[in-house]
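Written below as structure tokens is the structure these notes are about.
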Amino acid sequence: MRQPWRVAIVGGGISGLAAAVRLRARAPAGTEITVYEQSGALGGKLRTGELAGQPVEFGAESFLMRDPAGGESAAVALARRLGLAGEIVHPTVGQAALAVDGGLRPVPGGTLVGVPGDLAKVTTVAQPAADADRDAGRPLLAPGADVSVGALVRSRLGDQVVDRLVDPMLGGVYAGRADDLSLVTTMPALARAARTEHTLVGAVRAAQAAAPRAPGAPVFGTLAGGLSRLVEAAATASGATIRRDAAVRELTPTATGWRLTVGPTRDPELVAADAVVLAVPARPAARLLAGVAPTAAATVGALDYASVALITLALPEPALPALSGFLVPATEGLLIKASTFFTTKWGHLARPDGPALVRASVGRYGEEASLQVADADLVDTVHRELSKVLGAALPAPVASHVQRWGGALPQYTPGHADRVAAVRAALRGAHPTLALAGAGYDGVGIPVCVRSGATAAEEIITALGGSAA
């Protein structure tokens, strides 16, 4: 392989930037890394903004502190590598609630994404089925099998546990429904435990025991000053050439690597690269793969996405409960599916003389029509529904912001992990210098995306002849 390597990263979200950071650390000196970002901003769904003079996240709000095995998450490891570990802050209020039967009830403890490890603890919000979770003498999940989360939990614990607890928890993360989402992809620890355990409660307890958390250890973290700091630091540390407003329209294999067609049709730029990391959502990735690996492109392009909107209100002196926020089951009939009392949850942002920031998430998979209204109408609806849930009229906002994320959240149906594995195996065999990274393949959340990008970088390093380390 000629030196220096030339690696193109298509997509400037956190997955693409994590790939660039790993390449810089592990690839031979002099490797040329270029990040092509179609929009004018890096970071993807990580976007820190300002409202009423206060910083607020207009996209992802936080990251998990631990990985599935109980160690430091990939997001924490990246922050540490970038010199930001000392800037990690944690929620000052951790208790969240569920909006059930017109009131707020605390989210029960001891659950795994809403799936209970103790049935007695969830009776405040949902009644398990009378014959719940009987041991049938065999594991819940066969080797290699995958089911929807809703199908498994309904069969073991009944409808109420799914509709009032599991569905809103998954909806808050994926904007999807438990009955559609893959257990293996969305809850891998539970899926692993279900292959040996005979009851769902037993599987939850086994999954929790496999990744123990020290008492009082924080679950979530963010960065003082906002998550855009992680984006900026990663871009700088990578030493990559950053090309904003640079849409990659075509990807063509060559005798020595790849040719990228960049920019408008009327004035295209042709760029040569030895390897490519595709760190873009599934559909744009499928378009680029169509001429390279049609079968893989069809599989990748079949992944569907949910659209959401985040509405943030700056409220003067509201009477808010001492909660981090609340989740809303779809059965409650509200547009809001989740709300965060931002300046309550994140005490480092609260100002004695400033307004409270409250953020609501709206939009569920299959209900995109609910978002086809003006920003002002979304703000009014959110304000009205927040007042209804809290049982008191909230003051009029002094400022508001609507952030729309079209096609933001992948909907992983059962079998997703196997389909992605097959695509990657096919690409590895035919085009080893082409790697996929991002939420469309490996799951949502900042740590998963960081790990996905780093793994793609390692694949490229191996394909090009090994690292310098």
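Identifiers for the structure tokens are assigned positionally: chains receive A, B, ... in sequence, residues are indexed from 1 per chain, and ligands are indexed from 1 in the order shown.
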
In segment 329-369 of chain A, DSSP strand (DSSP E or B) residues written as a PyMOL selection string:
chain A and resi 336-341+356-362

Which residues of segment 93-159 of chain A come within 6 Å of segment 408-422 of chain A, and what is each one's closest atom pair and distance in Å (one decimal), counting only C-alpha atoms, sorted by chain and residue number, as a tab-separated table?
residue	atom	partner	partner_atom	distance
A:Asp146	CA	A:Pro414	CA	5.5
A:Val147	CA	A:Pro414	CA	5.3
A:Ser148	CA	A:Pro414	CA	5.8

Min atom-atom distance to Gly83 of chain A from the set A:Ala246, A:Ala210, A:Leu223, A:Ala272, counting only C-alpha atoms, belongs to A:Leu223

Show which residues sit within 9 Å of Gly40 of chain A, as number ranges by chain. Count only C-alpha atoms, and ignore same-chain residues fewer than 6 positions away.
A: 243-246

In segment 64-175 of chain A, what's helix (DSSP H, G or I) per DSSP? Answer as a count of residues only?
40

Give me the residues within 9 Å of Ile336 of chain A as a PyMOL selection string, counting only C-alpha atoms and dropping any in the same chain fewer than 6 places off.
chain A and resi 327-328+330+360-363+381-382+385-386

What does the file look like for those residues with N, CA, C and O atoms, as a short mmCIF file (atom, residue, chain, number, x, y, z; two decimals), in the first residue's frame?
data_model
loop_
_atom_site.label_atom_id
_atom_site.label_comp_id
_atom_site.auth_asym_id
_atom_site.auth_seq_id
_atom_site.Cartn_x
_atom_site.Cartn_y
_atom_site.Cartn_z
N LEU A 327 -42.26 10.53 31.10
CA LEU A 327 -42.54 9.82 29.86
C LEU A 327 -44.05 9.65 29.73
O LEU A 327 -44.76 9.57 30.74
N VAL A 328 -44.52 9.58 28.48
CA VAL A 328 -45.96 9.51 28.25
C VAL A 328 -46.29 8.26 27.43
O VAL A 328 -45.85 8.14 26.27
N ALA A 330 -48.32 6.00 24.88
CA ALA A 330 -49.13 6.39 23.73
C ALA A 330 -50.62 6.30 24.07
O ALA A 330 -51.44 7.01 23.48
N ALA A 360 -39.68 19.19 25.43
CA ALA A 360 -40.60 18.10 25.14
C ALA A 360 -40.24 17.48 23.80
O ALA A 360 -39.85 18.18 22.86
N SER A 361 -40.40 16.17 23.73
CA SER A 361 -40.18 15.43 22.49
C SER A 361 -41.52 14.99 21.95
O SER A 361 -42.35 14.44 22.68
N VAL A 362 -41.74 15.24 20.67
CA VAL A 362 -42.99 14.84 20.02
C VAL A 362 -42.66 14.07 18.75
O VAL A 362 -41.61 14.28 18.14
N GLY A 363 -43.57 13.19 18.37
CA GLY A 363 -43.38 12.41 17.16
C GLY A 363 -43.09 10.96 17.45
O GLY A 363 -42.09 10.63 18.09
N THR A 381 -49.27 23.54 21.54
CA THR A 381 -49.74 22.22 21.96
C THR A 381 -48.90 21.69 23.11
O THR A 381 -49.43 21.16 24.10
N VAL A 382 -47.59 21.83 23.03
CA VAL A 382 -46.72 21.37 24.09
C VAL A 382 -47.00 22.13 25.38
O VAL A 382 -47.10 21.52 26.47
N GLU A 385 -50.29 20.81 26.82
CA GLU A 385 -50.20 19.45 27.35
C GLU A 385 -49.34 19.38 28.60
O GLU A 385 -49.63 18.61 29.53
N LEU A 386 -48.27 20.17 28.65
CA LEU A 386 -47.47 20.22 29.88
C LEU A 386 -48.31 20.71 31.04
O LEU A 386 -48.25 20.16 32.16
#
